[in-house]
Amino acid sequence: MKILAIETSCDDTCIAILDVKGEINSPSFNVLANEVASQIKVHQKYGGVYPMMAKREHQRNLVPVFTRALKQAKLLNSKFEIRNSKQIPNSKFEILNEILEREPELYKKIIPFLRKYKKPDVDLIAVTDGPGLEPCLWVGVNFAKALSFAWGIPVVPVNHIESHILVNLLENKVKFPSMALVVSGGHTQIILVKKIGSYKILGETRDDAAGECFDKCAKILGLGYPGGPAIAKLASQWKSEIRNPKSEIKLPRPMIGTKDYDFSFSGLKTAVLYADRKVTNKNLNYKKEMAAEVQQAIADVLIKKTLKAVKDLNAKTLILGGGVSANNELQKQFKLEAKNKKLKLDIIYPERNLSTDNALMTAITGFYHKKNLVNWKNIKVDGNLSI
Ligand code: KG4
Ligand code: ZN
């Protein structure tokens with residue numbers, strides 16, 4: 001079956017097309033397209049994502065990104081090339097107008113697209129319905145509704161957190177129970193995966209997400225957005241320096257010793273702010289040292305709490321997901337610590353471009369939930385949707 005997936009939960013406009021052979025127990029995935037239009041340039045000057053601006057960008061990007069994906073998948077067929085192709089009747093455009101009432105810019109782009117191209121050979125549409133920024137989620141969902149209505153393709157709504165976990169199944173097998181750590185700009189959760197579709201949140205952040213902490217600390221240090229990669233890059237340069245014990249910066253490791261599996265990262269950002277105020281000469285060496293310490297403080301708590309959960313619940317596989325899981329040092333130190341603790345544990349994480357938001361993860365998750373079809377009229381979004 002061919003799955004078209006749409007993901008617009010934050011600031012990336014993502015479309016993927018996935019061909020799946022075989023059944024739920026032993027699928028074989030063939031990626032036909034995985035397109036992302038990043039809005040980094042738009043949000044960079046503000047140091048964060050502005051939902052209404054992101055919503056506008058999604059409206060502008062969706063049709064071009066979709067067209068690119070179809071072309072890539074060799075599924076883009078112009079109508080006039082096909083003899084006797086049926087035109088979409090005008091009454092259909094009225095309903096499309098209603099569906100996209102709040103997305104006028106998207107409506108303007110989708111109409112000529114639907115007039116020009118015929119229905120592609122796609123069996124299912126998967127779309128993220130939460131969690132995320134609601135104005136952004138709505139653009140993707142309304143796009144899915146419009147295509148479902150115009151072409152008569154069924155839709156399955158998909159959870160974004162579950163997608164960050166299940167993207168790992170593209171290349172890996174997992175043993176249950178598994179433990180998942182989802183660490184992104186919006187979420188930090190330790191989740192027990194009993195099997196695919198059966199989850200229990202063991203702990204989560206009580207305030208800022210780990211990625212948000214990277215981003216806020218990077219902003220204090222005057223680095224770009226997103227902060228995670230910027231901090232990781234500087235931190236990697238610090239390792240080669242000679243440490244001066246007198247100037248050594250030491251940040252707190254919030255909640256590292258508590259018995260629960262929760263996190264708190266807002267204090268870390270405040271500690272960076274205070275430490276930064278005291279420094280008069282904010283030279284590159286200082287920034288490298290601070291970046292390395294921020295990264296280490298975040299990694300220390302993530303690793304300690306997650307491996308505690310792994311041990312307590314006897315998990316066989318640790319699944320990392322979300323933008324922060326692209327952090328090389330975090331990946332390396334997770335493996336090292338698991339080895340030190342003599343845990344029999346497979347640790348898996350997606351390749352870099354699948355750690356951050358993409359629609360391939362939405363397509364894979366849609367496949368596992370292909371039975372949960374929803375009539376396009378009834379799809380809603382939920383910014384706080386839980387796994
Ligand atoms: O999963 P994602 O693309 O979007 C959300 O769903 O939030 O995650 C984005 C977050 C940002 O906070 C970004 O700074 C962080 O992931 N990030 C990283 C790295 N790459 C992205 N954090 C640490 N190290 C990285 N290499
Ligand atoms: Zn995400």
# chains A, B, ... in the order shown; residues from 1 in each chain; ligands from 1

call {"tool": "residues_around", "arguments": {"residues": "His58 (chain A)", "least_positions_apart": "4", "cutoff": "10 Å", "atoms": "only C-alpha atoms", "output": "PyMOL selection string"}}
result
chain A and resi 7-14+37-39+52-54+62-63+65+103+105-106+135-140

call {"tool": "write_last_selection", "arguments": {"atoms": "C-alpha atoms", "output": "short mmCIF file (atom, residue, chain, number, x, y, z; two decimals), in the first residue's frame"}}
result
data_model
loop_
_atom_site.label_atom_id
_atom_site.label_comp_id
_atom_site.auth_asym_id
_atom_site.auth_seq_id
_atom_site.Cartn_x
_atom_site.Cartn_y
_atom_site.Cartn_z
CA GLU A 7 3.18 16.70 9.19
CA THR A 8 2.91 20.38 10.17
CA SER A 9 2.94 20.28 13.98
CA CYS A 10 5.67 22.88 14.42
CA ASP A 11 7.83 24.84 11.99
CA ASP A 12 8.63 22.26 9.31
CA THR A 13 6.29 21.60 6.40
CA CYS A 14 6.70 17.88 5.75
CA ALA A 37 10.51 22.67 3.87
CA SER A 38 12.28 24.15 6.86
CA GLN A 39 11.14 27.52 8.18
CA MET A 52 0.84 32.38 13.38
CA MET A 53 3.88 32.96 11.20
CA ALA A 54 4.47 29.20 11.01
CA LEU A 62 2.26 22.62 1.45
CA VAL A 63 1.30 22.46 -2.24
CA VAL A 65 6.28 20.46 -1.11
CA GLU A 103 -6.44 28.70 5.11
CA GLU A 105 -3.55 31.01 0.96
CA LEU A 106 -3.61 27.22 0.86
CA PRO A 135 -2.78 26.72 14.27
CA CYS A 136 -0.04 24.74 12.51
CA LEU A 137 -1.68 21.34 13.06
CA TRP A 138 -4.90 22.68 11.52
CA VAL A 139 -3.19 23.57 8.24
CA GLY A 140 -1.96 19.99 7.78
#

call {"tool": "select_by_dssp", "arguments": {"residues": "region 111-348 of chain A", "states": "strand (DSSP E)", "output": "ChimeraX atom specification"}}
result
/A:124-130,155-159,178-183,188-195,198-204,317-321,346-348

call {"tool": "residues_near_ligand", "arguments": {"ligand": "ligand 2", "cutoff": "10 Å", "atoms": "only C-alpha atoms and all ligand atoms", "output": "list in words"}}
result
Glu7, Thr8, Ser9, Cys10, Asp11, Asp12, Pro131, Gly132, His160, Ile161, Glu162, Ser163, His164, Val182, Val183, Ser184, Gly185, Gly186, His187, Gly321, Gly322, Gly323, Val324, Leu354, Ser355, Thr356, Asp357, Asn358 and Met361 of chain A

call {"tool": "write_last_selection", "arguments": {"atoms": "C-alpha atoms", "output": "short mmCIF file (atom, residue, chain, number, x, y, z; two decimals), in the first residue's frame"}}
result
data_model
loop_
_atom_site.label_atom_id
_atom_site.label_comp_id
_atom_site.auth_asym_id
_atom_site.auth_seq_id
_atom_site.Cartn_x
_atom_site.Cartn_y
_atom_site.Cartn_z
CA GLU A 7 3.18 16.70 9.19
CA THR A 8 2.91 20.38 10.17
CA SER A 9 2.94 20.28 13.98
CA CYS A 10 5.67 22.88 14.42
CA ASP A 11 7.83 24.84 11.99
CA ASP A 12 8.63 22.26 9.31
CA PRO A 131 0.46 17.31 19.95
CA GLY A 132 1.91 20.53 18.59
CA HIS A 160 3.37 13.11 16.78
CA ILE A 161 5.08 11.63 19.87
CA GLU A 162 4.34 8.08 18.78
CA SER A 163 5.77 8.99 15.36
CA HIS A 164 9.07 10.12 16.94
CA VAL A 182 11.30 11.39 23.27
CA VAL A 183 13.31 14.60 23.48
CA SER A 184 12.32 17.48 21.24
CA GLY A 185 11.69 21.19 21.31
CA GLY A 186 8.24 20.62 22.76
CA HIS A 187 8.54 17.34 24.68
CA GLY A 321 13.53 10.03 19.23
CA GLY A 322 12.93 13.73 18.67
CA GLY A 323 15.31 16.50 17.62
CA VAL A 324 17.58 16.28 20.68
CA LEU A 354 14.62 11.55 10.89
CA SER A 355 15.25 12.72 14.49
CA THR A 356 13.84 16.13 13.79
CA ASP A 357 10.33 16.57 12.42
CA ASN A 358 9.54 14.78 9.16
CA MET A 361 7.59 9.05 10.77
#

call {"tool": "closest_atom_pairs", "arguments": {"of": "region 246-324 of chain A", "to": "region 328-332 of chain A", "cutoff": "9 Å", "atoms": "only C-alpha atoms", "output": "Markdown table"}}
result
| residue | atom | partner | partner_atom | distance |
| --- | --- | --- | --- | --- |
| A:Gln295 | CA | A:Glu329 | CA | 8.3 |
| A:Gln296 | CA | A:Leu330 | CA | 8.4 |
| A:Ile298 | CA | A:Leu330 | CA | 8.8 |
| A:Ala299 | CA | A:Leu330 | CA | 5.7 |
| A:Asp300 | CA | A:Leu330 | CA | 8.7 |
| A:Leu302 | CA | A:Leu330 | CA | 8.6 |
| A:Ile303 | CA | A:Leu330 | CA | 7.9 |
| A:Leu320 | CA | A:Gln331 | CA | 8.6 |
| A:Val324 | CA | A:Leu330 | CA | 8.4 |

call {"tool": "select_by_dssp", "arguments": {"residues": "region 33-200 of chain A", "states": "alpha helix (DSSP H)", "output": "ChimeraX atom specification"}}
result
/A:40-44,51-72,90-99,104-116,134-151,160-166

call {"tool": "closest_atom_pairs", "arguments": {"of": "region 106-209 of chain A", "to": "region 71-77 of chain A", "cutoff": "9 Å", "atoms": "only C-alpha atoms", "output": "JSON lines"}}
result
{"residue": "A:Lys116", "atom": "CA", "partner": "A:Asn77", "partner_atom": "CA", "distance": 8.5}
{"residue": "A:Tyr117", "atom": "CA", "partner": "A:Asn77", "partner_atom": "CA", "distance": 5.6}
{"residue": "A:Lys118", "atom": "CA", "partner": "A:Asn77", "partner_atom": "CA", "distance": 5.9}
{"residue": "A:Lys119", "atom": "CA", "partner": "A:Asn77", "partner_atom": "CA", "distance": 7.9}
{"residue": "A:Pro120", "atom": "CA", "partner": "A:Leu75", "partner_atom": "CA", "distance": 5.6}
{"residue": "A:Asp121", "atom": "CA", "partner": "A:Leu75", "partner_atom": "CA", "distance": 6.7}
{"residue": "A:Val122", "atom": "CA", "partner": "A:Leu75", "partner_atom": "CA", "distance": 8.7}

call {"tool": "residues_around", "arguments": {"residues": "Asn285 (chain A)", "least_positions_apart": "2", "cutoff": "10 Å", "atoms": "only C-alpha atoms", "output": "list in words"}}
result
Leu234, Gln237, Trp238, Glu241, Asn281, Lys282, Asn283, Lys287, Lys288, Glu289, Met290 and Ala291 of chain A

call {"tool": "residues_around", "arguments": {"residues": "Phe66 (chain A)", "least_positions_apart": "4", "cutoff": "8 Å", "atoms": "only C-alpha atoms", "output": "compact mmCIF listing (two decimals) with N, CA and C atoms, in the first residue's frame"}}
result
# COMPACT_ATOMS: atom_id res chain seq x y z
N ILE A 15 6.10 16.43 3.92
CA ILE A 15 5.28 15.47 3.17
C ILE A 15 6.15 14.25 2.85
N GLU A 35 9.99 14.81 1.94
CA GLU A 35 10.33 16.21 1.67
C GLU A 35 10.05 17.08 2.90
N LEU A 62 2.80 23.98 1.59
CA LEU A 62 2.26 22.62 1.45
C LEU A 62 2.14 22.13 0.00
N LEU A 70 5.40 14.19 -4.85
CA LEU A 70 4.75 13.35 -5.87
C LEU A 70 5.68 13.12 -7.05

call {"tool": "residues_around", "arguments": {"residues": "Lys173 (chain A)", "least_positions_apart": "5", "cutoff": "10 Å", "atoms": "only C-alpha atoms", "output": "MDAnalysis selection string"}}
result
chainID A and resid 26 168 317 346 348

call {"tool": "closest_residue", "arguments": {"among": "A:Asn172, A:Asn159, A:Ser264, A:Asn142", "to": "ligand 1", "atoms": "only C-alpha atoms and all ligand atoms"}}
result
A:Asn159

call {"tool": "residues_around", "arguments": {"residues": "Val20 (chain A)", "least_positions_apart": "3", "cutoff": "10 Å", "atoms": "only C-alpha atoms", "output": "PyMOL selection string"}}
result
chain A and resi 1-3+17+23-24+27-31+363-364+367
